[in-house]
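Worksheet: the structure to be examined is printed underneath.
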Amino acid sequence: MSYDAGLDRWVVDLGDGSDYPLHCGDSISIFITNTFIRCRIEYDREWYICIGNVKFNLRKQAKYTVRM
């Protein structure tokens with residue numbers, strides 16, 4: 001998953017040459033410390049993910065390993 005500044009949103013590379021632009025409330029699994037953790041992506045002033053009631057800001061210059 002990477003940030004697309006032109007779309008002002010995060011996109012997931014589907015592996016077939018196409019990207020899926022994420023929307024608020026979309027569920028994904030993000031890879032953290034050798035395991036995939038279910039979360040959802042949200043937007044306020046910046047994009048972030050929610051794991052339960054905990055929010056984590058996403059860094060626009062970073063790339064994340066995710067599953068849809």
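By convention here, the chains of the structure tokens are called A, B, ... in the order presented, each chain's residues are numbered starting at 1, and ligands are numbered starting at 1 in the order presented.
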Next item on the list: Pick out each residue of chain A that DSSP on the backbone tags as strand (DSSP E or B); I need them as a ChimeraX atom specification.
Entry: /A:2-4,9-13,19-21,27-32,35-43,47-51,54-57,66-67
Margin query: Taking 5 positions as the minimum chain separation for residues in the same chain, which residues sit within 9 Å of His23 in chain A when counting only C-alpha atoms? Answer as a ChimeraX atom specification.
Written below: /A:9-10,41-43
Next item on the list: With a distance cut-off of 8 Å and only C-alpha atoms, select the neighbouring residues of Val12 in chain A, excluding the residue or stretch itself and same-chain residues fewer than 4 positions from it, and output the selection as a ChimeraX atom specification.
Entry: /A:1-2,19-22,66
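Atom to atom, CA of Cys39 in chain A and CA of Ala62 in chain A stand 17.4 Å apart.
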So that I can check the surroundings of Arg40 in chain A, please list as a PDB file with N, CA, C and O atoms, in the first residue's frame every protein, DNA and RNA residue that reaches within 10 Å of it, counting only C-alpha atoms and ignoring chain neighbours fewer than 4 positions away.
ATOM      1  N   LEU A  22      -8.103   3.161  -1.849  1.00  0.00           N
ATOM      2  CA  LEU A  22      -8.836   2.903  -0.605  1.00  0.00           C
ATOM      3  C   LEU A  22      -9.727   4.087  -0.239  1.00  0.00           C
ATOM      4  O   LEU A  22      -9.417   5.240  -0.548  1.00  0.00           O
ATOM      5  N   HIS A  23     -10.826   3.790   0.424  1.00  0.00           N
ATOM      6  CA  HIS A  23     -11.797   4.785   0.873  1.00  0.00           C
ATOM      7  C   HIS A  23     -11.983   4.654   2.371  1.00  0.00           C
ATOM      8  O   HIS A  23     -11.739   3.584   2.949  1.00  0.00           O
ATOM      9  N   CYS A  24     -12.441   5.704   3.011  1.00  0.00           N
ATOM     10  CA  CYS A  24     -12.714   5.664   4.451  1.00  0.00           C
ATOM     11  C   CYS A  24     -13.600   4.466   4.773  1.00  0.00           C
ATOM     12  O   CYS A  24     -14.572   4.205   4.070  1.00  0.00           O
ATOM     13  N   GLY A  25     -13.219   3.737   5.810  1.00  0.00           N
ATOM     14  CA  GLY A  25     -14.007   2.600   6.252  1.00  0.00           C
ATOM     15  C   GLY A  25     -13.622   1.284   5.618  1.00  0.00           C
ATOM     16  O   GLY A  25     -14.107   0.234   6.050  1.00  0.00           O
ATOM     17  N   ASP A  26     -12.752   1.307   4.581  1.00  0.00           N
ATOM     18  CA  ASP A  26     -12.316   0.051   3.969  1.00  0.00           C
ATOM     19  C   ASP A  26     -11.535  -0.786   4.971  1.00  0.00           C
ATOM     20  O   ASP A  26     -10.703  -0.263   5.725  1.00  0.00           O
ATOM     21  N   SER A  27     -11.795  -2.080   4.974  1.00  0.00           N
ATOM     22  CA  SER A  27     -11.064  -3.010   5.831  1.00  0.00           C
ATOM     23  C   SER A  27      -9.894  -3.600   5.073  1.00  0.00           C
ATOM     24  O   SER A  27     -10.028  -3.983   3.910  1.00  0.00           O
ATOM     25  N   ILE A  28      -8.758  -3.655   5.751  1.00  0.00           N
ATOM     26  CA  ILE A  28      -7.559  -4.276   5.202  1.00  0.00           C
ATOM     27  C   ILE A  28      -6.875  -5.019   6.334  1.00  0.00           C
ATOM     28  O   ILE A  28      -7.224  -4.857   7.504  1.00  0.00           O
ATOM     29  N   SER A  29      -5.896  -5.832   5.986  1.00  0.00           N
ATOM     30  CA  SER A  29      -5.003  -6.430   6.976  1.00  0.00           C
ATOM     31  C   SER A  29      -3.617  -5.884   6.697  1.00  0.00           C
ATOM     32  O   SER A  29      -3.134  -5.955   5.569  1.00  0.00           O
ATOM     33  N   ILE A  30      -3.002  -5.304   7.716  1.00  0.00           N
ATOM     34  CA  ILE A  30      -1.679  -4.699   7.565  1.00  0.00           C
ATOM     35  C   ILE A  30      -0.646  -5.591   8.247  1.00  0.00           C
ATOM     36  O   ILE A  30      -0.912  -6.166   9.307  1.00  0.00           O
ATOM     37  N   TYR A  48      -5.250   7.508   8.525  1.00  0.00           N
ATOM     38  CA  TYR A  48      -4.797   6.684   9.632  1.00  0.00           C
ATOM     39  C   TYR A  48      -5.523   5.341   9.576  1.00  0.00           C
ATOM     40  O   TYR A  48      -6.487   5.178   8.837  1.00  0.00           O
ATOM     41  N   ILE A  49      -5.021   4.374  10.350  1.00  0.00           N
ATOM     42  CA  ILE A  49      -5.702   3.089  10.468  1.00  0.00           C
ATOM     43  C   ILE A  49      -6.195   2.932  11.904  1.00  0.00           C
ATOM     44  O   ILE A  49      -5.614   3.482  12.838  1.00  0.00           O
ATOM     45  N   CYS A  50      -7.281   2.175  12.044  1.00  0.00           N
ATOM     46  CA  CYS A  50      -7.838   1.846  13.354  1.00  0.00           C
ATOM     47  C   CYS A  50      -7.710   0.353  13.578  1.00  0.00           C
ATOM     48  O   CYS A  50      -8.138  -0.444  12.738  1.00  0.00           O
ATOM     49  N   ILE A  51      -7.112   0.008  14.698  1.00  0.00           N
ATOM     50  CA  ILE A  51      -7.058  -1.380  15.155  1.00  0.00           C
ATOM     51  C   ILE A  51      -7.799  -1.378  16.480  1.00  0.00           C
ATOM     52  O   ILE A  51      -7.285  -0.875  17.480  1.00  0.00           O
ATOM     53  N   GLY A  52      -9.030  -1.863  16.447  1.00  0.00           N
ATOM     54  CA  GLY A  52      -9.887  -1.729  17.620  1.00  0.00           C
ATOM     55  C   GLY A  52     -10.185  -0.252  17.831  1.00  0.00           C
ATOM     56  O   GLY A  52     -10.575   0.450  16.898  1.00  0.00           O
ATOM     57  N   LYS A  55      -5.808   4.325  17.147  1.00  0.00           N
ATOM     58  CA  LYS A  55      -5.553   4.938  15.841  1.00  0.00           C
ATOM     59  C   LYS A  55      -4.053   5.100  15.624  1.00  0.00           C
ATOM     60  O   LYS A  55      -3.325   5.490  16.537  1.00  0.00           O
TER      61      LYS A  55
END
Checklist line | One-decimal distance in Å that lies between CA of Leu7 in chain A and CA of Arg59 in chain A | finding: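 Those two atoms sit 15.7 Å apart.
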Note to self: So the first atom is CA of Phe36 in chain A and the second is CA of Leu58 in chain A; what is the distance between them in Å, to one decimal place?
What the structure shows: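 We find that CA of Phe36 in chain A and CA of Leu58 in chain A lie 16.2 Å from each other.
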